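Below you'll find the structure, written out as structure tokens, and then a few comments.
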Amino acid sequence: MSTPIAETGRTLRDVGGQVLLVGAGKMGGALLDGWLSLGLEPRKLAVFEPQPSPEIAEHAIKGLRLNPDIATVQAAAIVIAVKPQIAPEAIPALAGLAERAVVVSIMAGRTLGFLERLLGAETAAVRAMPNTPAAIGRGITVAVANAKATAAQRDLADRLLAATGSVEWVQDEGLLDAVTAVSGSGPAYVFLLAESLAHAGVKVGLPAELAEKLARETVAGAGELLHRSRLDPGILRERVTSPGGTTAAALDVLMGADGLDGLLERAVAAATRRSRELDRNG
């Protein structure tokens, strides 16, 4: 498993050239913030973003190149973070740059084959699926490279992606559909758990404000405990559960025949199917 750069002491001071970020919305902006925090100099960054945030405009004052003439960019890496639906119009202009760079795409539903069709069959490409905790440096990204990406280019992609959390690599691009269903969509499942737990608290008599705070802090605290612990989630669950106690009574419902396991299996399967449909369209 690849660990976050912040935990290994690795920096981004030397990336072998410029990094071009295409699209600086929420996820692209999170990557940009991570790169800068890890020592990537603004002068080594170029950003194409038609509606830059005030923060990006401020970085431009410090040397970041904002919406430069594409002919003046010499990128070692191109990170594409635009919305998938505008990709067919936005990406072909990068073809000349892509001949000398590794192209890293975080677009959902856009395959390596899609990138190769738009940029050329010889393009060194990496497809990655991050998730929203990247915004606080606690994301996890799964990546897959095509055969044209060299070991050095894959390492550069890993360093760039790890700026927002952990990175895992797979060899089978088909696994990214399941990855999307588990970790890409997964934060929404956790937020729903917090919502549902708060609603259940209200149903048994808690004031809404207190129920919401209890649910939020419980989900956040349990997540942090899971993050810090080396124990299996099942063992952590068992440690909270006394035989015949209140937790056991609740778990009898959650782990019953129509319980949480089966519900999540169906949910993840539905998300996986939808991801495959998007991939076929991409």
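Ligands are numbered from 1 in the order shown, residues from 1 within each chain, and chains are lettered A, B, ... in the order they appear in the structure tokens.
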
Margin query: Can you tell me which residues surround A:Thr272 at a distance of at most 6 Å, considering only C-alpha atoms, apart from same-chain residues fewer than 5 positions away, and format the answer as a PyMOL selection string?
Written below: chain A and resi 177-178+181

Margin query: Residues of stretch 35-221 of chain A classed as helix (DSSP H, G or I) by DSSP on the backbone are to be reported as a PyMOL selection string.
Written below: chain A and resi 35-37+42-44+54-61+70-72+84-90+92-98+112-119+132-136+151-164+175-184+186-203+208-221

Closest atom pairs, residues of stretch 116-142 of chain A within 9 Å of stretch 78-97 of chain A, only C-alpha atoms, as CSV:
residue,atom,partner,partner_atom,distance
A:Leu118,CA,A:Pro92,CA,5.5
A:Leu119,CA,A:Ala95,CA,4.6
A:Gly120,CA,A:Ala95,CA,7.0
A:Thr123,CA,A:Ala95,CA,8.6

Can you spit out the residues from that selection as a PDB file, in the first residue's frame, using C-alpha atoms?
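Heads up, here's the output in again-v9.pdb:
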ATOM      1  CA  LEU A 118      -8.465  11.786 -27.892  1.00  0.00           C
ATOM      2  CA  LEU A 119      -4.747  12.218 -27.210  1.00  0.00           C
ATOM      3  CA  GLY A 120      -3.139   9.487 -29.273  1.00  0.00           C
ATOM      4  CA  THR A 123      -0.080   8.591 -24.705  1.00  0.00           C
TER       5      THR A 123
END

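Atom CA of A:Arg228 is positioned 18.5 Å from atom CA of A:Ala162.
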
DSSP on the backbone, strand (DSSP E) only: what residues of stretch 27-153 of chain A does that give? Format it as a short mmCIF file (atom, residue, chain, number, x, y, z; two decimals) with C-alpha atoms, in the first residue's frame.
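Output (part-v5.cif):
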data_model
loop_
_atom_site.label_atom_id
_atom_site.label_comp_id
_atom_site.auth_asym_id
_atom_site.auth_seq_id
_atom_site.Cartn_x
_atom_site.Cartn_y
_atom_site.Cartn_z
CA LEU A 45 2.43 24.94 -11.97
CA ALA A 46 0.08 25.88 -14.78
CA VAL A 47 -3.69 25.80 -14.37
CA PHE A 48 -6.41 25.93 -17.00
CA ARG A 65 0.59 30.34 -14.47
CA LEU A 66 -3.15 30.76 -14.84
CA ALA A 75 4.56 19.72 -18.74
CA ALA A 76 5.99 16.56 -17.21
CA ALA A 77 2.49 15.73 -15.98
CA ILE A 78 -0.99 16.78 -17.07
CA VAL A 79 -3.72 16.21 -14.49
CA ILE A 80 -7.22 16.31 -15.96
CA VAL A 102 2.11 11.50 -18.28
CA VAL A 103 -1.61 12.24 -18.39
CA VAL A 104 -3.44 11.61 -15.12
CA SER A 105 -7.24 11.66 -15.31
CA ALA A 124 1.25 7.59 -21.28
CA ALA A 125 -1.97 7.64 -19.28
CA VAL A 126 -3.12 7.01 -15.74
CA ARG A 127 -6.76 6.78 -14.72
CA ALA A 128 -7.50 7.46 -11.06
CA MET A 129 -10.55 7.44 -8.80
CA GLY A 139 -8.81 10.68 0.73
CA ILE A 140 -7.98 7.40 -0.90
CA THR A 141 -7.29 7.09 -4.61
CA VAL A 142 -7.07 3.96 -6.75
CA ALA A 143 -5.10 4.26 -9.97
CA VAL A 144 -4.34 2.20 -13.05
CA ALA A 145 -1.76 2.95 -15.75
#
